[in-house]
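Asker: Dropping in input23.cif, which is mmCIF, C-alpha atoms:
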```cif
data_run
loop_
_atom_site.label_atom_id
_atom_site.label_comp_id
_atom_site.auth_asym_id
_atom_site.auth_seq_id
_atom_site.Cartn_x
_atom_site.Cartn_y
_atom_site.Cartn_z
CA MET D 212 12.11 27.88 -4.67
CA ILE D 213 12.29 25.67 -7.75
CA GLU D 214 10.51 28.48 -9.56
CA SER D 215 13.06 31.22 -8.84
CA HIS D 216 15.97 28.90 -9.51
CA THR D 217 14.38 28.04 -12.84
CA THR D 218 13.77 31.66 -13.80
CA GLU D 219 17.35 32.65 -13.04
CA ALA D 220 18.87 29.74 -14.90
CA ALA D 221 16.68 30.34 -17.94
CA ALA D 222 18.17 33.81 -18.37
CA THR D 223 21.32 32.55 -20.09
CA ARG D 224 21.80 30.12 -22.97
CA GLN D 225 23.99 27.90 -20.81
CA GLY D 226 21.39 28.01 -18.08
CA ARG D 227 18.71 26.95 -20.53
CA ARG D 228 20.83 24.05 -21.70
CA ARG D 229 21.36 22.96 -18.10
CA LEU D 230 17.63 23.03 -17.48
CA ARG D 231 16.97 20.92 -20.57
CA THR D 232 19.51 18.29 -19.53
CA ARG D 233 18.14 18.27 -16.00
CA ALA D 234 14.62 17.77 -17.35
CA ARG D 235 15.83 14.94 -19.60
CA LEU D 236 17.31 13.24 -16.55
CA THR D 237 14.22 13.59 -14.36
CA GLU D 238 11.95 12.43 -17.20
CA ALA D 239 14.24 9.46 -17.78
CA ALA D 240 14.16 8.66 -14.04
CA HIS D 241 10.37 8.85 -14.21
CA ARG D 242 10.22 6.27 -17.02
CA VAL D 243 12.89 3.96 -15.62
CA ILE D 244 11.34 3.89 -12.13
CA SER D 245 7.90 3.44 -13.65
CA ARG D 246 9.14 0.32 -15.49
CA ARG D 247 11.53 -1.20 -12.98
CA GLY D 248 10.72 0.11 -9.51
CA ILE D 249 12.85 2.21 -7.20
CA GLU D 250 15.22 -0.48 -5.95
CA ALA D 251 16.04 -2.02 -9.31
CA ALA D 252 16.57 1.30 -11.13
CA THR D 253 20.23 2.36 -11.37
CA ILE D 254 21.87 5.67 -12.25
CA ALA D 255 23.31 3.96 -15.35
CA ASP D 256 19.77 3.01 -16.44
CA ILE D 257 18.71 6.61 -16.04
CA THR D 258 21.62 8.17 -17.96
CA GLU D 259 21.21 5.60 -20.74
CA GLU D 260 17.48 6.33 -20.98
CA ALA D 261 18.25 10.07 -21.04
CA ASP D 262 21.06 9.50 -23.58
CA VAL D 263 23.62 11.49 -21.58
CA GLY D 264 27.03 10.35 -20.29
CA PHE D 265 27.10 8.58 -16.93
CA GLY D 266 29.37 11.25 -15.39
CA THR D 267 27.01 14.04 -16.46
CA PHE D 268 24.50 12.77 -13.92
CA TYR D 269 26.58 14.07 -11.02
CA ASN D 270 26.61 17.61 -12.41
CA TYR D 271 22.89 17.64 -11.68
CA PHE D 272 22.13 15.25 -8.85
CA GLU D 273 24.06 13.89 -5.88
CA SER D 274 22.52 10.44 -5.82
CA LYS D 275 19.69 8.22 -6.95
CA GLU D 276 17.70 9.42 -3.93
CA ALA D 277 18.12 13.04 -5.05
CA ILE D 278 16.83 12.48 -8.59
CA LEU D 279 14.04 10.27 -7.23
CA ALA D 280 12.93 13.10 -4.95
CA ALA D 281 13.03 15.61 -7.82
CA ALA D 282 11.21 13.36 -10.30
CA SER D 283 8.66 12.44 -7.68
CA ALA D 284 8.00 16.02 -6.60
CA GLU D 285 7.54 17.11 -10.23
CA ALA D 286 5.21 14.29 -11.26
CA LEU D 287 3.03 14.36 -8.16
CA GLU D 288 2.96 18.13 -7.83
CA ALA D 289 1.86 18.54 -11.46
CA HIS D 290 -1.02 16.13 -10.87
CA GLY D 291 -1.91 17.69 -7.51
CA SER D 292 -2.01 21.21 -8.86
CA ALA D 293 -4.09 20.09 -11.84
CA LEU D 294 -6.58 18.66 -9.33
CA ASP D 295 -6.52 21.92 -7.36
CA ARG D 296 -7.35 23.95 -10.49
CA LEU D 297 -10.10 21.51 -11.42
CA THR D 298 -11.76 21.47 -8.00
CA ALA D 299 -11.34 25.18 -7.19
CA VAL D 300 -14.89 25.89 -8.39
CA LEU D 301 -16.50 23.20 -6.23
CA ASP D 302 -18.14 24.25 -2.95
CA ASP D 303 -18.70 20.78 -1.51
CA THR D 304 -15.59 19.18 0.05
CA ALA D 305 -17.12 15.75 -0.52
CA GLU D 306 -17.24 16.48 -4.24
CA VAL D 307 -13.65 17.82 -4.19
CA ILE D 308 -12.50 14.50 -2.76
CA ALA D 309 -14.64 12.41 -5.11
CA VAL D 310 -13.33 14.26 -8.18
CA SER D 311 -9.71 13.99 -6.98
CA VAL D 312 -9.96 10.26 -6.26
CA ARG D 313 -11.71 9.56 -9.55
CA HIS D 314 -9.16 11.49 -11.64
CA THR D 315 -6.25 9.88 -9.80
CA VAL D 316 -7.51 6.32 -10.36
CA ARG D 317 -8.30 7.13 -13.98
CA MET D 318 -4.62 7.94 -14.53
CA VAL D 319 -4.11 4.17 -14.72
CA ASP D 320 -5.75 4.24 -18.18
CA ARG D 321 -4.91 7.81 -19.12
CA ASP D 322 -1.17 7.65 -18.40
CA PRO D 323 0.01 4.25 -17.15
CA ILE D 324 3.65 5.42 -17.02
CA TRP D 325 2.65 8.15 -14.56
CA ALA D 326 0.42 5.74 -12.64
CA TRP D 327 3.17 3.13 -12.25
CA PHE D 328 5.61 5.81 -11.17
CA ALA D 329 3.12 7.23 -8.67
CA VAL D 330 2.39 3.79 -7.21
CA ARG D 331 6.11 2.96 -6.97
CA VAL D 332 6.91 6.17 -5.08
CA ASN D 333 3.70 6.01 -3.01
CA LEU D 334 1.73 8.99 -4.18
CA TYR D 335 0.18 9.74 -0.81
CA GLN D 336 3.31 10.19 1.29
CA GLU D 337 2.08 12.26 4.19
CA GLN D 338 5.50 13.75 4.84
CA ALA D 339 6.09 14.99 1.30
CA GLU D 340 5.37 18.65 0.74
CA ALA D 341 4.57 18.03 -2.87
CA GLY D 342 2.13 15.40 -3.95
CA LEU D 343 -1.26 14.34 -2.81
CA GLY D 344 -0.88 13.51 0.90
CA HIS D 345 -0.97 17.06 2.20
CA ARG D 346 -3.78 17.99 -0.18
CA LEU D 347 -5.89 15.10 1.06
CA ALA D 348 -5.21 16.11 4.68
CA ARG D 349 -6.23 19.69 3.86
CA ASP D 350 -9.53 18.55 2.30
CA VAL D 351 -10.31 16.09 5.09
CA ARG D 352 -9.71 18.79 7.72
CA ARG D 353 -11.93 21.21 5.83
CA GLY D 354 -14.73 18.63 5.57
CA ILE D 355 -14.55 17.79 9.28
CA LYS D 356 -14.59 21.48 10.20
CA SER D 357 -17.71 22.10 8.12
CA ARG D 358 -19.29 18.90 9.52
CA ARG D 359 -19.54 17.39 6.06
CA PHE D 360 -17.44 14.48 7.38
CA SER D 361 -17.58 12.83 10.78
CA ALA D 362 -14.84 13.82 13.21
CA GLY D 363 -11.79 11.59 13.45
CA ASN D 364 -8.02 11.26 13.48
CA VAL D 365 -7.08 13.12 10.29
CA ALA D 366 -3.66 11.48 9.88
CA LEU D 367 -5.14 7.99 10.28
CA LEU D 368 -7.95 8.75 7.83
CA CYS D 369 -5.44 10.03 5.27
CA TYR D 370 -3.28 6.93 5.56
CA ALA D 371 -6.37 4.74 5.25
CA ILE D 372 -7.68 6.60 2.19
CA GLY D 373 -4.24 6.91 0.58
CA GLY D 374 -3.66 3.18 1.12
CA ALA D 375 -7.05 2.36 -0.40
CA VAL D 376 -6.41 4.45 -3.54
CA TRP D 377 -2.88 3.07 -3.81
CA ALA D 378 -4.06 -0.56 -3.57
CA VAL D 379 -6.84 -0.11 -6.14
CA MET D 380 -4.46 1.61 -8.59
CA HIS D 381 -1.90 -1.15 -8.08
CA ALA D 382 -4.52 -3.85 -8.63
CA LYS D 383 -5.68 -2.13 -11.82
CA LEU D 384 -2.11 -1.74 -13.10
CA THR D 385 -1.33 -5.43 -12.55
CA GLY D 386 -4.65 -6.48 -14.08
CA ALA D 387 -5.94 -7.99 -10.81
CA LEU D 388 -8.95 -5.66 -10.92
CA ASP D 389 -10.70 -4.53 -14.05
CA GLY D 390 -13.59 -2.44 -15.21
CA ASP D 391 -14.45 1.12 -14.27
CA THR D 392 -13.77 1.50 -10.59
CA ASP D 393 -13.42 5.23 -10.08
CA GLN D 394 -17.00 5.95 -8.96
CA GLU D 395 -17.12 2.94 -6.67
CA LEU D 396 -13.80 3.82 -5.06
CA ALA D 397 -14.78 7.48 -4.62
CA ALA D 398 -18.03 6.38 -2.92
CA ALA D 399 -16.06 4.05 -0.61
CA VAL D 400 -13.73 6.92 0.32
CA LEU D 401 -16.66 9.22 1.11
CA ARG D 402 -18.26 6.53 3.27
CA THR D 403 -14.95 6.15 5.10
CA LEU D 404 -15.24 9.86 5.90
CA GLY D 405 -18.74 9.37 7.30
CA VAL D 406 -20.92 10.31 4.31
CA SER D 407 -23.95 7.99 4.04
CA ASN D 408 -23.91 5.35 1.32
CA ALA D 409 -26.78 6.87 -0.68
CA GLU D 410 -25.21 10.32 -0.69
CA ALA D 411 -21.69 9.00 -1.34
CA ARG D 412 -22.96 7.16 -4.45
CA ARG D 413 -24.85 10.20 -5.66
CA ILE D 414 -21.80 12.47 -5.33
CA ALA D 415 -19.45 9.92 -6.89
CA ALA D 416 -21.77 9.60 -9.91
CA ARG D 417 -21.80 13.30 -10.77
CA PRO D 418 -20.39 14.28 -14.19
CA LEU D 419 -16.61 14.43 -13.87
CA PRO D 420 -15.05 17.77 -14.83
CA GLU D 421 -12.34 17.25 -17.44
CA VAL D 422 -8.69 18.06 -16.88
CA SER D 423 -7.95 20.76 -19.46
CA GLN D 424 -4.21 20.95 -18.83
CA PRO D 425 -1.92 18.00 -19.18
CA THR D 426 -1.49 16.63 -15.68
CA ARG D 427 2.26 16.53 -16.21
CA GLU D 428 3.77 19.81 -17.23
CA VAL D 429 6.89 18.16 -18.58
CA ARG D 430 5.88 16.09 -21.58
CA ARG D 431 7.66 12.99 -22.73
CA MET P 76 -1.10 -30.54 1.07
CA ILE P 77 1.54 -29.08 3.38
CA GLU P 78 -0.17 -31.07 6.16
CA SER P 79 0.18 -34.54 4.55
CA HIS P 80 3.76 -33.83 3.46
CA THR P 81 4.57 -32.84 7.05
CA THR P 82 2.95 -35.93 8.57
CA GLU P 83 4.78 -38.29 6.25
CA ALA P 84 8.18 -36.69 6.77
CA ALA P 85 7.79 -36.66 10.55
CA ALA P 86 7.51 -40.46 10.57
CA THR P 87 11.28 -40.98 10.30
CA ARG P 88 14.19 -39.46 12.21
CA GLN P 89 15.73 -38.16 9.00
CA GLY P 90 12.36 -36.75 8.03
CA ARG P 91 12.10 -34.91 11.34
CA ARG P 92 15.58 -33.44 10.89
CA ARG P 93 14.64 -32.24 7.42
CA LEU P 94 11.53 -30.56 8.83
CA ARG P 95 13.56 -28.82 11.52
CA THR P 96 16.08 -27.48 9.01
CA ARG P 97 13.30 -26.37 6.71
CA ALA P 98 11.62 -24.55 9.59
CA ARG P 99 14.91 -22.88 10.51
CA LEU P 100 15.22 -21.63 6.95
CA THR P 101 11.68 -20.26 6.72
CA GLU P 102 11.97 -18.61 10.14
CA ALA P 103 15.29 -17.08 9.08
CA ALA P 104 13.68 -15.84 5.85
CA HIS P 105 10.90 -14.34 7.96
CA ARG P 106 13.36 -12.35 10.07
CA VAL P 107 15.66 -11.31 7.22
CA ILE P 108 12.78 -10.10 5.03
CA SER P 109 11.24 -8.37 8.02
CA ARG P 110 14.47 -6.39 8.55
CA ARG P 111 15.62 -5.78 5.00
CA GLY P 112 12.67 -6.14 2.66
CA ILE P 113 12.12 -8.63 -0.15
CA GLU P 114 14.42 -7.13 -2.76
CA ALA P 115 17.44 -6.60 -0.51
CA ALA P 116 17.27 -10.02 1.20
CA THR P 117 19.60 -12.60 -0.36
CA ILE P 118 19.78 -16.40 -0.02
CA ALA P 119 23.18 -15.95 1.67
CA ASP P 120 21.55 -13.65 4.29
CA ILE P 121 18.95 -16.32 4.95
CA THR P 122 21.38 -19.26 5.29
CA GLU P 123 23.64 -17.16 7.52
CA GLU P 124 20.69 -16.19 9.74
CA ALA P 125 19.62 -19.86 9.89
CA ASP P 126 23.23 -20.95 10.51
CA VAL P 127 23.18 -23.56 7.76
CA GLY P 128 25.52 -23.90 4.76
CA PHE P 129 24.68 -21.92 1.64
CA GLY P 130 24.38 -25.09 -0.47
CA THR P 131 21.92 -26.66 2.00
CA PHE P 132 19.37 -24.06 0.97
CA TYR P 133 18.85 -25.75 -2.40
CA ASN P 134 17.99 -29.09 -0.77
CA TYR P 135 14.87 -27.34 0.52
CA PHE P 136 13.94 -24.53 -1.82
CA GLU P 137 14.46 -23.80 -5.49
CA SER P 138 14.84 -20.06 -5.20
CA LYS P 139 14.34 -16.96 -3.06
CA GLU P 140 10.81 -16.74 -4.46
CA ALA P 141 10.05 -20.27 -3.26
CA ILE P 142 11.16 -19.67 0.33
CA LEU P 143 9.41 -16.29 0.34
CA ALA P 144 6.17 -17.99 -0.70
CA ALA P 145 6.58 -20.64 2.02
CA ALA P 146 7.50 -18.18 4.79
CA SER P 147 4.72 -15.86 3.76
CA ALA P 148 2.08 -18.60 3.62
CA GLU P 149 3.10 -19.85 7.08
CA ALA P 150 3.18 -16.47 8.80
CA LEU P 151 -0.04 -15.15 7.28
CA GLU P 152 -1.93 -18.42 7.53
CA ALA P 153 -1.09 -18.77 11.22
CA HIS P 154 -2.42 -15.27 11.90
CA GLY P 155 -5.47 -15.80 9.69
CA SER P 156 -6.42 -19.06 11.36
CA ALA P 157 -5.93 -17.52 14.82
CA LEU P 158 -8.40 -14.81 13.76
CA ASP P 159 -10.82 -17.45 12.49
CA ARG P 160 -10.73 -19.29 15.83
CA LEU P 161 -11.20 -16.03 17.70
CA THR P 162 -14.15 -14.80 15.66
CA ALA P 163 -15.91 -18.17 15.25
CA VAL P 164 -18.22 -17.37 18.16
CA LEU P 165 -19.31 -13.97 16.81
CA ASP P 166 -22.66 -13.71 15.01
CA ASP P 167 -22.26 -10.22 13.63
CA THR P 168 -20.06 -10.00 10.50
CA ALA P 169 -19.33 -6.36 11.32
CA GLU P 170 -17.83 -7.43 14.62
CA VAL P 171 -15.84 -10.21 12.93
CA ILE P 172 -14.25 -7.60 10.67
CA ALA P 173 -13.69 -5.12 13.50
CA VAL P 174 -11.96 -7.74 15.68
CA SER P 175 -9.82 -8.96 12.77
CA VAL P 176 -8.70 -5.46 11.79
CA ARG P 177 -7.97 -4.50 15.41
CA HIS P 178 -5.90 -7.61 16.11
CA THR P 179 -3.99 -7.25 12.86
CA VAL P 180 -3.04 -3.61 13.50
CA ARG P 181 -2.12 -4.44 17.08
CA MET P 182 0.50 -6.89 15.78
CA VAL P 183 2.65 -3.79 15.18
CA ASP P 184 3.16 -3.59 18.96
CA ARG P 185 2.68 -7.25 19.80
CA ASP P 186 5.12 -8.69 17.26
CA PRO P 187 6.87 -6.03 15.14
CA ILE P 188 8.94 -8.67 13.33
CA TRP P 189 5.73 -10.32 12.13
CA ALA P 190 4.20 -6.93 11.32
CA TRP P 191 7.19 -5.80 9.24
CA PHE P 192 7.22 -9.12 7.42
CA ALA P 193 3.48 -8.93 6.76
CA VAL P 194 3.75 -5.37 5.44
CA ARG P 195 6.71 -6.27 3.22
CA VAL P 196 4.91 -9.21 1.62
CA ASN P 197 1.57 -7.39 1.48
CA LEU P 198 -0.61 -9.29 3.88
CA TYR P 199 -3.82 -8.82 1.90
CA GLN P 200 -2.80 -10.34 -1.43
CA GLU P 201 -6.13 -11.21 -2.98
CA GLN P 202 -4.62 -13.99 -5.09
CA ALA P 203 -2.93 -15.81 -2.23
CA GLU P 204 -4.79 -18.83 -0.93
CA ALA P 205 -3.25 -18.39 2.47
CA GLY P 206 -3.32 -15.12 4.30
CA LEU P 207 -5.91 -12.50 4.92
CA GLY P 208 -7.15 -11.46 1.48
CA HIS P 209 -9.49 -14.38 0.90
CA ARG P 210 -10.74 -14.26 4.51
CA LEU P 211 -11.63 -10.59 4.14
CA ALA P 212 -13.42 -11.31 0.86
CA ARG P 213 -15.36 -14.13 2.54
CA ASP P 214 -16.48 -11.83 5.40
CA VAL P 215 -17.37 -8.94 3.09
CA ARG P 216 -19.47 -11.26 0.91
CA ARG P 217 -21.21 -12.65 3.98
CA GLY P 218 -21.98 -9.16 5.29
CA ILE P 219 -23.37 -8.00 1.96
CA LYS P 220 -25.53 -11.12 1.67
CA SER P 221 -27.04 -10.55 5.12
CA ARG P 222 -27.49 -6.83 4.30
CA ARG P 223 -25.24 -5.84 7.18
CA PHE P 224 -23.05 -4.03 4.61
CA SER P 225 -24.17 -2.06 1.58
CA ALA P 226 -23.83 -3.86 -1.76
CA GLY P 227 -20.72 -3.20 -3.83
CA ASN P 228 -17.82 -4.59 -5.82
CA VAL P 229 -16.31 -7.09 -3.35
CA ALA P 230 -12.87 -7.21 -4.96
CA LEU P 231 -12.60 -3.42 -5.00
CA LEU P 232 -13.74 -3.15 -1.38
CA CYS P 233 -11.16 -5.75 -0.34
CA TYR P 234 -8.35 -3.93 -2.11
CA ALA P 235 -9.46 -0.65 -0.55
CA ILE P 236 -9.70 -2.11 2.97
CA GLY P 237 -6.49 -4.14 2.61
CA GLY P 238 -4.68 -1.03 1.37
CA ALA P 239 -6.01 1.01 4.29
CA VAL P 240 -4.87 -1.53 6.91
CA TRP P 241 -1.51 -1.92 5.15
CA ALA P 242 -0.90 1.84 5.06
CA VAL P 243 -1.82 2.34 8.72
CA MET P 244 0.40 -0.56 9.83
CA HIS P 245 3.26 0.80 7.72
CA ALA P 246 2.83 4.29 9.18
CA LYS P 247 2.85 2.87 12.69
CA LEU P 248 5.94 0.75 12.00
CA THR P 249 7.87 3.73 10.64
CA GLY P 250 6.69 5.95 13.49
CA ALA P 251 4.77 8.30 11.18
CA LEU P 252 1.57 7.57 13.12
CA ASP P 253 1.36 6.94 16.83
CA GLY P 254 -1.10 6.20 19.55
CA ASP P 255 -3.79 3.56 19.66
CA THR P 256 -5.37 3.41 16.25
CA ASP P 257 -7.04 0.04 16.13
CA GLN P 258 -10.55 1.15 17.12
CA GLU P 259 -10.46 4.18 14.85
CA LEU P 260 -9.24 2.12 11.89
CA ALA P 261 -11.83 -0.62 12.51
CA ALA P 262 -14.58 2.03 12.59
CA ALA P 263 -13.29 3.53 9.31
CA VAL P 264 -13.32 0.07 7.69
CA LEU P 265 -16.92 -0.55 8.84
CA ARG P 266 -17.98 2.83 7.46
CA THR P 267 -16.33 1.92 4.15
CA LEU P 268 -18.61 -1.12 4.11
CA GLY P 269 -21.67 1.06 4.65
CA VAL P 270 -22.16 0.81 8.44
CA SER P 271 -23.21 4.16 9.92
CA ASN P 272 -20.60 6.14 11.84
CA ALA P 273 -22.37 5.82 15.21
CA GLU P 274 -22.75 2.06 14.89
CA ALA P 275 -19.25 1.56 13.46
CA ARG P 276 -17.79 3.35 16.49
CA ARG P 277 -19.91 1.35 18.88
CA ILE P 278 -18.84 -2.00 17.37
CA ALA P 279 -15.18 -1.00 17.15
CA ALA P 280 -15.19 -0.06 20.86
CA ARG P 281 -16.44 -3.45 22.11
CA PRO P 282 -14.09 -5.39 24.39
CA LEU P 283 -11.55 -7.16 22.21
CA PRO P 284 -11.41 -10.95 22.65
CA GLU P 285 -7.86 -12.07 23.40
CA VAL P 286 -5.82 -14.34 21.19
CA SER P 287 -5.19 -17.40 23.33
CA GLN P 288 -2.87 -19.18 20.91
CA PRO P 289 0.32 -17.61 19.65
CA THR P 290 -0.55 -16.10 16.29
CA ARG P 291 2.52 -17.76 14.81
CA GLU P 292 2.67 -21.51 15.28
CA VAL P 293 6.37 -21.59 14.57
CA ARG P 294 8.12 -19.77 17.42
CA ARG P 295 11.40 -17.97 17.08
#
```
Can the structure from this file be put into structure tokens for me?
Answerer:
Amino acid sequence: MIESHTTEAAATRQGRRRLRTRARLTEAAHRVISRRGIEAATIADITEEADVGFGTFYNYFESKEAILAAASAEALEAHGSALDRLTAVLDDTAEVIAVSVRHTVRMVDRDPIWAWFAVRVNLYQEQAEAGLGHRLARDVRRGIKSRRFSAGNVALLCYAIGGAVWAVMHAKLTGALDGDTDQELAAAVLRTLGVSNAEARRIAARPLPEVSQPTREVRR
Amino acid sequence: MIESHTTEAAATRQGRRRLRTRARLTEAAHRVISRRGIEAATIADITEEADVGFGTFYNYFESKEAILAAASAEALEAHGSALDRLTAVLDDTAEVIAVSVRHTVRMVDRDPIWAWFAVRVNLYQEQAEAGLGHRLARDVRRGIKSRRFSAGNVALLCYAIGGAVWAVMHAKLTGALDGDTDQELAAAVLRTLGVSNAEARRIAARPLPEVSQPTREVRR
């Protein structure tokens, strides 16, 4: 839906200008929310960061909630689809999850602005169509079906795993936790899903495939 | 420290009145933050809820942060020490953790005001002296030492487990997750610590000892 809208708008010069301004606003929202949090961020902060007039905002978005939803969908979806491309070649669901968890936690060092934003908006919202929650649920279901993971309440497992990744990212961002934690967290997540400790550690220690594409399509 | 201050103040009538007003303020803060969250709650909301004058607030607390810290320490410490009393008779660290997790998640139904407050202030703050974070770390260390749990980074495991419990409580409070989840979550937490799935399920399904004392000492 965003796709076709984008394609149509891009067909005219005015449409292209609109898309650029819209992107400047969502990128500004991304940075402002990353720095200040959702509640403290104001529309004025966002338009100032984007260097557009305050009134311009309402030509693009109805409210702070609307731009938050757009910025959040873009940032999380870009990361999620990068993970999908990266893990498409992997046969083992346990490895898919380990690679996804490791790359997500590593974003704290790779792109702290993204990581703060993702933590502020809760990157694992189960309800959101974009983002990581529904991808995690898909992978957990697949692993239970193939008996790679022990059976369980998928929604509960996803909240538990999402909460664990969220808390570790938050602790790393605030400096409460340091050092390399991605392998250890991935192993903990696999154990949560019923993989034995020895195997979880082995899978979490495999060489990590590199993300070739930028994880955010829209660059700052 | 709170103890000796309390004992001294209680020795005079004026001291007792001060303690009652202070308790009214922290209980009001508890309810207001539970309903509205930390950022949205104001000092005026708290004094109105406590039915004391706005200016009175500053005879007791320096700032919103100060009353938040006091209310949070009281509510979490009361729950944490109730769990300590309850689990003191248990020999198996895995069961101590299962019982603690189950009782904490059950607070969503037992006392939703407490549960909302605890979720808003993040009940597993590792840094806080009061609360559940340091108790969890103590139990995880004990379980690793006795080889009940597999070895690992204790701080990371505590963030992961705290984040998992937080996310499940939050999902239950918002209605995103329903049904009885305490056994399933406790089993997931034990698996995270390296207990096998079969044993984790067995321990999580044991009869749950009842809390005899109210989990909050200060009643509403």
Asker: For the structure shown, which residues end up in the PyMOL selection byres ((chain P) within 7 of (chain D))? Put them as a VMD selection string, please?
Answerer: chain P and resid 231 234 to 236 238 to 243 263 to 264 266 to 267 269 272
Asker: Please evaluate the PyMOL selection byres ((chain D and resi 259-271) around 9) against the displayed coordinates and give the resulting residues as an mmCIF file with C-alpha atoms, in the frame of the given file.
Answerer:
```
data_model
loop_
_atom_site.group_PDB
_atom_site.id
_atom_site.type_symbol
_atom_site.label_atom_id
_atom_site.label_comp_id
_atom_site.auth_asym_id
_atom_site.auth_seq_id
_atom_site.Cartn_x
_atom_site.Cartn_y
_atom_site.Cartn_z
ATOM 1 C CA ARG D 229 21.360 22.960 -18.100
ATOM 2 C CA THR D 232 19.510 18.290 -19.530
ATOM 3 C CA ARG D 233 18.140 18.270 -16.000
ATOM 4 C CA ARG D 235 15.830 14.940 -19.600
ATOM 5 C CA LEU D 236 17.310 13.240 -16.550
ATOM 6 C CA THR D 237 14.220 13.590 -14.360
ATOM 7 C CA GLU D 238 11.950 12.430 -17.200
ATOM 8 C CA ALA D 239 14.240 9.460 -17.780
ATOM 9 C CA ALA D 240 14.160 8.660 -14.040
ATOM 10 C CA ARG D 242 10.220 6.270 -17.020
ATOM 11 C CA VAL D 243 12.890 3.960 -15.620
ATOM 12 C CA ILE D 254 21.870 5.670 -12.250
ATOM 13 C CA ALA D 255 23.310 3.960 -15.350
ATOM 14 C CA ASP D 256 19.770 3.010 -16.440
ATOM 15 C CA ILE D 257 18.710 6.610 -16.040
ATOM 16 C CA THR D 258 21.620 8.170 -17.960
ATOM 17 C CA PHE D 272 22.130 15.250 -8.850
ATOM 18 C CA GLU D 273 24.060 13.890 -5.880
ATOM 19 C CA SER D 274 22.520 10.440 -5.820
ATOM 20 C CA ILE D 278 16.830 12.480 -8.590
#
```
Asker: Quick check, in Å to one decimal: how far apart do CA of Glu276 (chain D) and CA of Val319 (chain D) lie?
Answerer: 24.9 Å
Asker: Go through D:Gly354, D:Pro323, D:Gly291, D:Gly386 and flag the residue nearest Val422 (chain D), using all atoms listed in the file for the distances.
Answerer: D:Gly291
Asker: Let me make sure I understand: among P:Arg111, P:Gln89, P:Leu94, P:Leu283, which one has the smallest atom-to-atom distance to Val196 (chain P) if we use all atoms listed in the file?
Answerer: P:Arg111
Asker: Using the chain letters and numbers from this file, what does the PyMOL selection byres ((chain D and resi 300-306) around 12) select? Give the answer as a VMD selection string.
Answerer: chain D and resid 294 to 299 307 to 313 346 to 361 394 397 to 407 410 to 420
Asker: Next, write the just-selected residues to a file, as an mmCIF file, in the coordinates of the input, keeping C-alpha atoms as the atom set.
Answerer:
```cif
data_model
loop_
_atom_site.group_PDB
_atom_site.id
_atom_site.type_symbol
_atom_site.label_atom_id
_atom_site.label_comp_id
_atom_site.auth_asym_id
_atom_site.auth_seq_id
_atom_site.Cartn_x
_atom_site.Cartn_y
_atom_site.Cartn_z
ATOM 1 C CA LEU D 294 -6.580 18.660 -9.330
ATOM 2 C CA ASP D 295 -6.520 21.920 -7.360
ATOM 3 C CA ARG D 296 -7.350 23.950 -10.490
ATOM 4 C CA LEU D 297 -10.100 21.510 -11.420
ATOM 5 C CA THR D 298 -11.760 21.470 -8.000
ATOM 6 C CA ALA D 299 -11.340 25.180 -7.190
ATOM 7 C CA VAL D 307 -13.650 17.820 -4.190
ATOM 8 C CA ILE D 308 -12.500 14.500 -2.760
ATOM 9 C CA ALA D 309 -14.640 12.410 -5.110
ATOM 10 C CA VAL D 310 -13.330 14.260 -8.180
ATOM 11 C CA SER D 311 -9.710 13.990 -6.980
ATOM 12 C CA VAL D 312 -9.960 10.260 -6.260
ATOM 13 C CA ARG D 313 -11.710 9.560 -9.550
ATOM 14 C CA ARG D 346 -3.780 17.990 -0.180
ATOM 15 C CA LEU D 347 -5.890 15.100 1.060
ATOM 16 C CA ALA D 348 -5.210 16.110 4.680
ATOM 17 C CA ARG D 349 -6.230 19.690 3.860
ATOM 18 C CA ASP D 350 -9.530 18.550 2.300
ATOM 19 C CA VAL D 351 -10.310 16.090 5.090
ATOM 20 C CA ARG D 352 -9.710 18.790 7.720
ATOM 21 C CA ARG D 353 -11.930 21.210 5.830
ATOM 22 C CA GLY D 354 -14.730 18.630 5.570
ATOM 23 C CA ILE D 355 -14.550 17.790 9.280
ATOM 24 C CA LYS D 356 -14.590 21.480 10.200
ATOM 25 C CA SER D 357 -17.710 22.100 8.120
ATOM 26 C CA ARG D 358 -19.290 18.900 9.520
ATOM 27 C CA ARG D 359 -19.540 17.390 6.060
ATOM 28 C CA PHE D 360 -17.440 14.480 7.380
ATOM 29 C CA SER D 361 -17.580 12.830 10.780
ATOM 30 C CA GLN D 394 -17.000 5.950 -8.960
ATOM 31 C CA ALA D 397 -14.780 7.480 -4.620
ATOM 32 C CA ALA D 398 -18.030 6.380 -2.920
ATOM 33 C CA ALA D 399 -16.060 4.050 -0.610
ATOM 34 C CA VAL D 400 -13.730 6.920 0.320
ATOM 35 C CA LEU D 401 -16.660 9.220 1.110
ATOM 36 C CA ARG D 402 -18.260 6.530 3.270
ATOM 37 C CA THR D 403 -14.950 6.150 5.100
ATOM 38 C CA LEU D 404 -15.240 9.860 5.900
ATOM 39 C CA GLY D 405 -18.740 9.370 7.300
ATOM 40 C CA VAL D 406 -20.920 10.310 4.310
ATOM 41 C CA SER D 407 -23.950 7.990 4.040
ATOM 42 C CA GLU D 410 -25.210 10.320 -0.690
ATOM 43 C CA ALA D 411 -21.690 9.000 -1.340
ATOM 44 C CA ARG D 412 -22.960 7.160 -4.450
ATOM 45 C CA ARG D 413 -24.850 10.200 -5.660
ATOM 46 C CA ILE D 414 -21.800 12.470 -5.330
ATOM 47 C CA ALA D 415 -19.450 9.920 -6.890
ATOM 48 C CA ALA D 416 -21.770 9.600 -9.910
ATOM 49 C CA ARG D 417 -21.800 13.300 -10.770
ATOM 50 C CA PRO D 418 -20.390 14.280 -14.190
ATOM 51 C CA LEU D 419 -16.610 14.430 -13.870
ATOM 52 C CA PRO D 420 -15.050 17.770 -14.830
#
```
